[in-house]
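Novice: Have a peek at entry_8.txt (compact mmCIF, C-alpha atoms).
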```txt
# COMPACT_ATOMS: atom_id res chain seq x y z
CA MET S 1250 32.39 41.56 -40.83
CA ASN S 1251 34.44 39.00 -38.92
CA GLY S 1252 37.67 40.93 -38.34
CA PHE S 1253 39.67 39.21 -41.09
CA PRO S 1254 40.91 41.43 -43.95
CA TYR S 1255 40.13 38.66 -46.45
CA PRO S 1256 37.36 36.02 -46.79
CA VAL S 1257 37.36 33.26 -44.16
CA LEU S 1258 34.88 30.40 -43.76
CA LEU S 1259 33.57 30.52 -40.18
CA GLU S 1260 30.78 29.09 -38.07
CA ASN S 1261 29.49 32.60 -37.29
CA GLU S 1262 29.92 35.84 -39.26
CA SER S 1263 31.35 33.87 -42.14
CA SER S 1264 32.52 35.46 -45.39
CA TYR S 1265 30.82 32.54 -47.17
CA LYS S 1266 27.15 31.96 -47.88
CA ASN S 1267 25.19 29.84 -45.39
CA GLU S 1268 25.32 26.64 -47.47
CA TYR S 1269 29.12 26.53 -47.20
CA ILE S 1270 30.29 25.03 -43.93
CA PHE S 1271 33.37 23.58 -42.28
CA GLU S 1272 32.47 21.35 -39.35
CA ILE S 1273 34.12 18.82 -37.07
CA GLU S 1274 32.12 16.39 -34.96
CA TYR S 1275 32.93 13.70 -32.40
CA LYS S 1276 31.92 10.27 -33.70
CA ASN S 1277 33.48 7.69 -31.39
CA HIS S 1278 36.52 6.82 -29.33
CA LYS S 1279 38.55 3.79 -28.35
CA TYR S 1280 41.36 3.00 -25.95
CA ASN S 1281 44.76 1.85 -27.09
CA LYS S 1282 47.45 0.80 -24.65
CA ASP S 1283 48.59 4.27 -23.63
CA GLU S 1284 46.28 6.55 -25.62
CA LEU S 1285 42.71 7.66 -26.07
CA GLU S 1286 41.95 7.63 -29.79
CA LEU S 1287 39.26 10.08 -30.90
CA ILE S 1288 37.40 9.42 -34.14
CA LEU S 1289 36.09 12.65 -35.68
CA LYS S 1290 33.86 13.39 -38.63
CA MET S 1291 34.78 16.36 -40.83
CA ASN S 1292 32.50 18.14 -43.28
CA LEU S 1293 33.66 20.77 -45.79
CA THR S 1294 31.23 21.94 -48.48
CA SER S 1295 33.29 24.69 -50.09
CA LYS S 1296 34.53 23.54 -53.52
CA THR S 1297 36.94 26.48 -53.59
CA LEU S 1298 38.71 25.40 -50.41
CA LYS S 1299 38.57 21.71 -51.32
CA LYS S 1300 40.34 22.49 -54.59
CA LYS S 1301 43.04 24.49 -52.79
CA ILE S 1302 43.65 21.52 -50.48
CA GLU S 1303 43.75 19.07 -53.40
CA ASN S 1304 46.29 21.32 -55.17
CA ASN S 1305 48.42 21.51 -51.99
CA GLU S 1306 47.78 25.24 -51.72
CA ALA S 1307 46.15 24.66 -48.31
CA PHE S 1308 46.01 21.98 -45.63
CA ILE S 1309 43.87 20.79 -42.70
CA PHE S 1310 45.17 21.49 -39.21
CA VAL S 1311 43.50 20.35 -35.95
CA LYS S 1312 44.12 21.77 -32.48
CA LEU S 1313 43.19 19.89 -29.30
CA VAL S 1314 43.20 21.60 -25.89
CA SER S 1315 42.40 20.02 -22.52
CA THR S 1316 42.90 21.28 -18.97
CA VAL S 1317 46.62 20.48 -18.79
CA PHE S 1318 47.47 19.41 -22.33
CA SER S 1319 47.39 20.75 -25.88
CA LYS S 1320 48.50 19.32 -29.19
CA ASN S 1321 48.44 20.29 -32.87
CA TYR S 1322 47.77 17.73 -35.60
CA ASN S 1323 48.75 18.37 -39.21
CA ILE S 1324 46.10 16.36 -41.07
CA GLY S 1325 47.03 17.60 -44.54
CA GLN S 1326 44.46 16.51 -47.11
CA TYR S 1327 40.72 16.73 -46.54
CA ILE S 1328 39.17 13.44 -45.43
CA GLU S 1329 35.72 12.93 -43.95
CA GLU S 1330 36.91 10.89 -40.98
CA ILE S 1331 40.07 11.52 -38.99
CA ASN S 1332 41.65 9.85 -35.97
CA ILE S 1333 43.69 11.73 -33.39
CA SER S 1334 45.28 10.27 -30.27
CA VAL S 1335 45.80 11.76 -26.81
CA PRO S 1336 48.16 10.25 -24.20
CA LEU S 1337 46.03 8.90 -21.35
CA ASP S 1338 48.45 10.24 -18.75
CA LYS S 1339 47.76 13.77 -20.06
CA ILE S 1340 43.99 13.56 -19.43
CA LEU S 1341 42.46 14.24 -16.02
CA SER S 1342 39.84 11.78 -14.77
CA ASN S 1343 37.32 14.60 -15.22
CA ASP S 1344 38.44 16.77 -18.11
CA LYS S 1345 37.23 19.16 -20.78
CA ILE S 1346 38.56 18.58 -24.28
CA GLU S 1347 38.14 21.21 -27.00
CA ILE S 1348 38.83 20.39 -30.64
CA THR S 1349 38.97 22.92 -33.50
CA ALA S 1350 39.91 22.37 -37.14
CA TYR S 1351 41.54 24.96 -39.40
CA ILE S 1352 42.31 25.28 -43.08
CA LEU S 1353 45.63 27.10 -43.52
CA SER S 1354 47.37 28.35 -46.63
CA ASN S 1355 50.41 26.37 -47.73
CA ASP S 1356 53.25 28.72 -48.70
CA GLU S 1357 52.19 31.72 -50.77
CA THR S 1358 48.97 31.33 -52.75
CA MET S 1359 46.38 33.58 -54.38
CA LEU S 1360 42.90 33.89 -52.89
CA ASN S 1361 40.38 34.95 -55.54
CA TRP S 1362 36.79 36.05 -55.25
CA SER S 1363 34.21 33.29 -55.92
CA ASP S 1364 30.44 33.03 -56.00
CA GLU S 1365 30.60 31.10 -52.70
CA LEU S 1366 31.19 34.39 -50.88
CA VAL S 1367 28.36 36.50 -49.52
CA ASP S 1368 26.87 38.86 -52.09
CA ASN S 1369 28.16 42.04 -50.48
CA TYR S 1370 31.75 40.80 -50.22
CA PRO S 1371 34.12 42.91 -52.35
CA LYS S 1372 35.58 41.17 -55.41
CA ILE S 1373 39.16 40.72 -54.33
CA ARG S 1374 42.36 39.02 -55.37
CA ARG S 1375 44.75 38.65 -52.47
CA LYS S 1376 48.15 37.05 -52.03
CA MET S 1377 48.11 34.78 -48.97
CA ARG S 1378 51.11 34.04 -46.78
CA LYS S 1379 52.07 30.65 -45.36
CA ASN S 1380 49.76 29.56 -42.51
CA ASP S 1381 47.19 32.30 -43.13
CA ILE S 1382 43.78 31.10 -41.91
CA LEU S 1383 41.28 30.26 -44.67
CA ALA S 1384 38.66 28.52 -42.50
CA ILE S 1385 37.89 27.80 -38.84
CA SER S 1386 35.47 25.07 -37.85
CA ASN S 1387 33.11 24.93 -34.88
CA LYS S 1388 34.60 24.12 -31.48
CA GLU S 1389 33.77 20.51 -30.62
CA LEU S 1390 33.58 20.26 -26.81
CA LEU S 1391 33.94 16.89 -25.12
CA ASP S 1392 33.41 16.09 -21.44
CA TYR S 1393 35.83 13.29 -20.62
CA ASN S 1394 34.86 11.60 -17.39
CA LEU S 1395 36.59 8.44 -16.24
CA GLU S 1396 33.41 7.60 -14.34
CA ASN S 1397 31.34 7.78 -17.54
CA ASN S 1398 33.84 5.68 -19.49
CA PHE S 1399 34.48 3.05 -16.88
CA ILE S 1400 32.18 3.23 -13.83
CA LYS S 1401 28.42 3.61 -13.71
CA PHE S 1402 25.98 4.29 -10.88
CA SER S 1403 22.90 2.06 -10.76
CA GLU S 1404 19.90 2.01 -8.42
CA VAL S 1405 19.32 -1.44 -6.93
CA PRO S 1406 16.40 -2.07 -4.50
CA GLU S 1407 18.42 -4.66 -2.55
CA GLN S 1408 20.90 -1.93 -1.54
CA GLU S 1409 18.30 0.18 0.28
CA GLY S 1410 19.81 1.21 3.61
CA LYS S 1411 23.01 -0.74 2.96
CA GLY S 1412 25.27 1.98 1.51
CA ILE S 1413 27.09 1.10 -1.71
CA ARG S 1414 28.09 -2.16 -3.37
CA ILE S 1415 30.70 -2.57 -6.10
CA ASP S 1416 29.79 -5.07 -8.83
CA LEU S 1417 32.61 -6.20 -11.14
CA ASN S 1418 30.55 -8.74 -13.09
CA GLY S 1419 29.41 -6.34 -15.84
CA GLN S 1420 31.08 -6.45 -19.24
CA ASN S 1421 31.55 -2.79 -20.14
CA TYR S 1422 31.31 -1.06 -16.77
CA VAL S 1423 31.99 -1.47 -13.10
CA SER S 1424 28.71 -0.77 -11.32
CA ILE S 1425 28.41 1.25 -8.12
CA GLN S 1426 25.07 0.00 -6.80
CA ILE S 1427 23.05 2.23 -4.48
CA GLY S 1428 19.57 2.24 -2.96
CA HIS S 1429 16.66 4.48 -3.95
CA LYS S 1430 17.03 7.01 -1.11
CA PHE S 1431 20.78 7.24 -1.69
CA ASN S 1432 20.08 7.84 -5.39
CA GLU S 1433 17.53 10.57 -4.65
CA ALA S 1434 19.97 12.32 -2.29
CA TYR S 1435 22.79 11.93 -4.81
CA ALA S 1436 20.63 13.57 -7.51
CA ILE S 1437 20.14 16.60 -5.26
CA ILE S 1438 23.83 16.78 -4.27
CA LYS S 1439 24.94 16.65 -7.94
CA LYS S 1440 23.36 20.06 -8.55
CA GLU S 1441 26.12 21.72 -6.49
CA ALA S 1442 29.34 21.28 -8.49
CA SER S 1443 31.86 21.52 -5.65
CA ILE S 1444 29.99 19.05 -3.40
CA ARG S 1445 29.30 16.75 -6.36
CA ASP S 1446 33.00 16.54 -7.18
CA VAL S 1447 33.89 15.57 -3.63
CA ILE S 1448 31.19 12.87 -3.45
CA ASN S 1449 32.07 11.51 -6.90
CA SER S 1450 35.75 11.39 -6.02
CA HIS S 1451 35.04 9.64 -2.73
CA LEU S 1452 32.86 7.01 -4.43
CA LEU S 1453 35.40 6.52 -7.22
CA PHE S 1454 38.16 6.11 -4.63
CA GLU S 1455 36.17 3.43 -2.78
CA ALA S 1456 35.44 1.70 -6.08
CA PHE S 1457 39.08 1.69 -7.15
CA VAL S 1458 40.27 0.32 -3.79
CA TYR S 1459 37.73 -2.50 -4.11
CA ILE S 1460 38.67 -3.17 -7.75
CA ILE S 1461 42.41 -3.29 -7.02
CA LEU S 1462 41.98 -5.65 -4.05
CA ASP S 1463 39.69 -7.93 -6.03
CA ILE S 1464 41.85 -8.20 -9.14
CA ILE S 1465 44.90 -8.92 -6.98
CA GLN S 1466 43.06 -11.84 -5.40
CA LYS S 1467 41.56 -12.97 -8.73
CA PRO S 1468 44.25 -11.94 -11.24
CA ASP S 1469 42.77 -13.74 -14.29
CA GLU S 1470 39.04 -13.44 -13.70
CA TYR S 1471 38.32 -10.09 -15.35
CA ILE S 1472 41.02 -9.72 -18.02
CA GLU S 1473 38.62 -10.28 -20.95
CA LYS S 1474 36.08 -7.71 -19.80
CA PRO S 1475 36.11 -4.35 -21.66
CA TRP S 1476 36.14 -2.38 -18.40
CA TYR S 1477 39.29 -4.23 -17.33
CA LYS S 1478 40.98 -3.30 -20.61
CA VAL S 1479 40.16 0.36 -19.95
CA LEU S 1480 41.69 0.07 -16.48
CA ASP S 1481 44.72 -1.69 -17.96
CA SER S 1482 45.24 1.14 -20.45
CA THR S 1483 45.18 3.84 -17.74
CA PHE S 1484 47.14 2.02 -15.06
CA GLU S 1485 50.69 3.04 -14.15
CA TYR S 1486 52.38 2.69 -10.79
CA GLU S 1487 56.08 3.47 -10.43
CA GLY S 1488 56.56 2.64 -14.12
CA ARG S 1489 54.81 -0.73 -13.83
CA THR S 1490 51.88 -1.99 -15.90
CA LEU S 1491 48.82 -3.53 -14.27
CA ASP S 1492 50.04 -7.09 -15.02
CA GLU S 1493 53.47 -6.31 -13.54
CA PHE S 1494 51.86 -4.75 -10.46
CA LYS S 1495 49.63 -7.82 -9.89
CA LYS S 1496 52.58 -10.18 -10.29
CA ILE S 1497 54.75 -8.31 -7.78
CA VAL S 1498 51.96 -8.22 -5.21
CA LYS S 1499 51.18 -11.89 -5.78
CA ASP S 1500 54.84 -12.90 -5.46
CA GLU S 1501 55.17 -10.99 -2.20
CA ASP S 1502 52.00 -12.76 -0.96
CA VAL S 1503 51.14 -9.72 1.14
CA ILE S 1504 48.73 -6.95 0.21
CA ASP S 1505 50.10 -3.61 1.35
CA ILE S 1506 46.98 -1.50 1.91
CA GLU S 1507 49.03 1.71 1.74
CA VAL S 1508 50.13 0.80 -1.80
CA VAL S 1509 46.53 0.01 -2.75
CA TYR S 1510 45.42 3.41 -1.45
CA GLU S 1511 48.24 5.14 -3.32
CA VAL S 1512 47.36 3.36 -6.56
CA ALA S 1513 43.66 4.21 -6.15
CA GLN S 1514 44.51 7.89 -5.71
CA GLN S 1515 46.75 7.86 -8.77
CA LEU S 1516 43.99 6.25 -10.84
CA ILE S 1517 41.73 9.21 -10.14
CA ASN S 1518 44.66 11.62 -10.61
CA ASN S 1519 44.45 12.72 -6.98
CA GLN S 1520 41.04 14.14 -7.84
CA LEU S 1521 39.76 13.56 -4.29
CA GLU S 1522 42.37 15.91 -2.86
CA ARG S 1523 41.83 18.51 -5.57
CA SER S 1524 38.04 18.42 -5.31
CA ILE S 1525 38.10 18.83 -1.51
CA ILE S 1526 40.45 21.81 -1.86
CA SER S 1527 38.19 23.24 -4.57
CA ALA S 1528 35.11 22.79 -2.40
CA SER S 1529 36.89 24.45 0.50
CA GLU S 1530 37.87 27.43 -1.66
CA ARG S 1531 34.31 27.65 -2.99
CA SER S 1532 32.96 27.66 0.59
CA ILE S 1533 35.29 30.48 1.59
CA ILE S 1534 34.26 32.52 -1.46
CA ASP S 1535 30.54 31.91 -0.81
CA GLU S 1536 30.91 33.18 2.75
```
Translate this structure into structure tokens?
Specialist:
Amino acid sequence: MNGFPYPVLLENESSYKNEYIFEIEYKNHKYNKDELELILKMNLTSKTLKKKIENNEAFIFVKLVSTVFSKNYNIGQYIEEINISVPLDKILSNDKIEITAYILSNDETMLNWSDELVDNYPKIRRKMRKNDILAISNKELLDYNLENNFIKFSEVPEQEGKGIRIDLNGQNYVSIQIGHKFNEAYAIIKKEASIRDVINSHLLFEAFVYIILDIIQKPDEYIEKPWYKVLDSTFEYEGRTLDEFKKIVKDEDVIDIEVVYEVAQQLINNQLERSIISASERSIIDE
């Protein structure tokens, strides 16, 4: 049994037969001005629960949890595709997002035995209370990585022995170009999480400094590129948008490198500092 005193549709140890499922699945995402919009596919095969939702005896409820943020979404009726939005300033540049859907009872309703339940389930008739759980979906786990959504590493033979090069000419991504030996070493380093985070943060920081300096000097060159629109949606410095920031810097006709560094650190949510501290703590533990 699954610990519930009444039948519940679950991913594992369900009270329902195997053909009856309740699933949620990531389909796509897009960036709005201040939000990350997640597009999710939902699949419910239980006619019993569908009917309860249609009759307003139950409703769909979605819970999202990330490292520093959580939010509940009252979806209501069952639909096969749902959209939920997360404020971009609540997501870390490297974050874990967990999404779970629920079917909850709406006010008091009767839950009757049906042939969808497993054969050995007792034939019951139970009065449900408001917000009692009738179904829990799978946990859909998403790895949100600003690097994966905005910046890509690429091996370029011309960079052999020359360190890294930042290329802003791509449409969808900013490219951090590295040579073959660098790439081989990076592949080895990535296996150790604490070291990987420090290296990634350092490379991202260099990339952001370069990007900020370049778009200040060429304020209109990249604005139609998808990667620029992603940057625009995540940018915030002292309450200013990216366009406002560029205009102020341009009007002052002086590039303050300290401000550029500060902005770059904010864009990676001070991840460089956190990852170095984390690596240090990991080193102390390992010793």
Novice: Could you produce a table of the residues of stretch 1379-1464 of chain S lying within 6 Å of stretch 1343-1365 of chain S, with the nearest pair of atoms per residue and their separation in Å rounded to one decimal, using all atoms listed in the file, ordered by chain and increasing residue number, as JSON lines?
Specialist:
```
{"residue": "S:Lys1379", "atom": "CA", "partner": "S:Asp1356", "partner_atom": "CA", "distance": 4.0}
{"residue": "S:Asn1380", "atom": "CA", "partner": "S:Leu1353", "partner_atom": "CA", "distance": 4.9}
{"residue": "S:Asp1381", "atom": "CA", "partner": "S:Ser1354", "partner_atom": "CA", "distance": 5.3}
{"residue": "S:Ile1382", "atom": "CA", "partner": "S:Leu1353", "partner_atom": "CA", "distance": 4.7}
{"residue": "S:Leu1383", "atom": "CA", "partner": "S:Ile1352", "partner_atom": "CA", "distance": 5.3}
{"residue": "S:Ala1384", "atom": "CA", "partner": "S:Ile1352", "partner_atom": "CA", "distance": 4.9}
{"residue": "S:Ile1385", "atom": "CA", "partner": "S:Tyr1351", "partner_atom": "CA", "distance": 4.7}
{"residue": "S:Ser1386", "atom": "CA", "partner": "S:Ala1350", "partner_atom": "CA", "distance": 5.2}
{"residue": "S:Lys1388", "atom": "CA", "partner": "S:Thr1349", "partner_atom": "CA", "distance": 5.0}
{"residue": "S:Glu1389", "atom": "CA", "partner": "S:Ile1348", "partner_atom": "CA", "distance": 5.1}
{"residue": "S:Leu1390", "atom": "CA", "partner": "S:Glu1347", "partner_atom": "CA", "distance": 4.7}
{"residue": "S:Leu1391", "atom": "CA", "partner": "S:Ile1346", "partner_atom": "CA", "distance": 5.0}
{"residue": "S:Asp1392", "atom": "CA", "partner": "S:Lys1345", "partner_atom": "CA", "distance": 4.9}
{"residue": "S:Tyr1393", "atom": "CA", "partner": "S:Asp1344", "partner_atom": "CA", "distance": 5.0}
{"residue": "S:Asn1394", "atom": "CA", "partner": "S:Asn1343", "partner_atom": "CA", "distance": 4.4}
```
Novice: Produce the centre coordinates and the three edge lengths, each in Å to one decimal, of the box along x, y and z that contains all listed atoms of stretch 1360-1371 of chain S with 8 Å added on each side, as lines of an AutoDock Vina configuration file.
Specialist:
```
center_x = 34.9
center_y = 37.0
center_z = -52.8
size_x = 32.0
size_y = 27.8
size_z = 22.5
```
Novice: Taking only C-alpha atoms into account, name the residue in S:Val1512, S:Ile1448, S:Ser1424, S:Glu1433 that is nearest to S:Leu1462.
Specialist: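 Selected residue with least distance to S:Leu1462: S:Val1512.
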Novice: Could you please determine the separation between atom CA of S:Ile1497 and atom CA of S:Ile1461 in Å, to one decimal place?
Specialist: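 A separation of 13.3 Å between them.
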Novice: So, with only C-alpha atoms as the atoms that count, which of S:Lys1290, S:His1278, S:Lys1474, S:Lys1376 lies closest to S:Ile1331?
Specialist: S:Lys1290
Novice: Around (40.6, 19.9, -47.2) in the file's frame, which residues reach within 12 Å when counting only C-alpha atoms? Return as a VMD selection string?
Specialist: chain S and resid 1270 to 1272 1291 to 1311 1323 to 1331 1350 to 1355 1383 to 1386
Novice: Near S:Phe1431, counting all atoms listed in the file, which residues have an atom at most 10 Å away, once you skip same-chain residues fewer than 6 positions from it, shown as number ranges by chain?
Specialist: S: 1404, 1408-1413
Novice: Can those selected residues be exported to a file as a compact mmCIF listing (two decimals), in the coordinates of the input so that it contains C-alpha atoms?
Specialist:
```txt
# COMPACT_ATOMS: atom_id res chain seq x y z
CA GLU S 1404 19.90 2.01 -8.42
CA GLN S 1408 20.90 -1.93 -1.54
CA GLU S 1409 18.30 0.18 0.28
CA GLY S 1410 19.81 1.21 3.61
CA LYS S 1411 23.01 -0.74 2.96
CA GLY S 1412 25.27 1.98 1.51
CA ILE S 1413 27.09 1.10 -1.71
```
Novice: Go through S:Asp1469, S:Gly1488, S:Asn1251, S:Pro1336 and flag the residue nearest S:Tyr1370, using all atoms listed in the file for the distances.
Specialist: S:Asn1251
Novice: Counting only C-alpha atoms, which residue out of S:Tyr1275, S:Asn1432, S:Tyr1255, S:Ile1506 sits closest to S:Arg1378?
Specialist: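 Selected residue with least distance to S:Arg1378: S:Tyr1255.
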Novice: Go ahead and compute the interatomic distance for atom CA of S:Asp1492 and atom CA of S:Ser1334, in Å to one decimal.
Specialist: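 One can read the atom CA of S:Asp1492 to atom CA of S:Ser1334 distance as 23.6 Å.
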Novice: Would you mind reading off the distance between atom CA of S:Ala1434 and atom CA of S:Tyr1510, one decimal, in Å?
Specialist: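 Taking atom CA of S:Ala1434 as the start and atom CA of S:Tyr1510 as the end point, the length is 27.0 Å.
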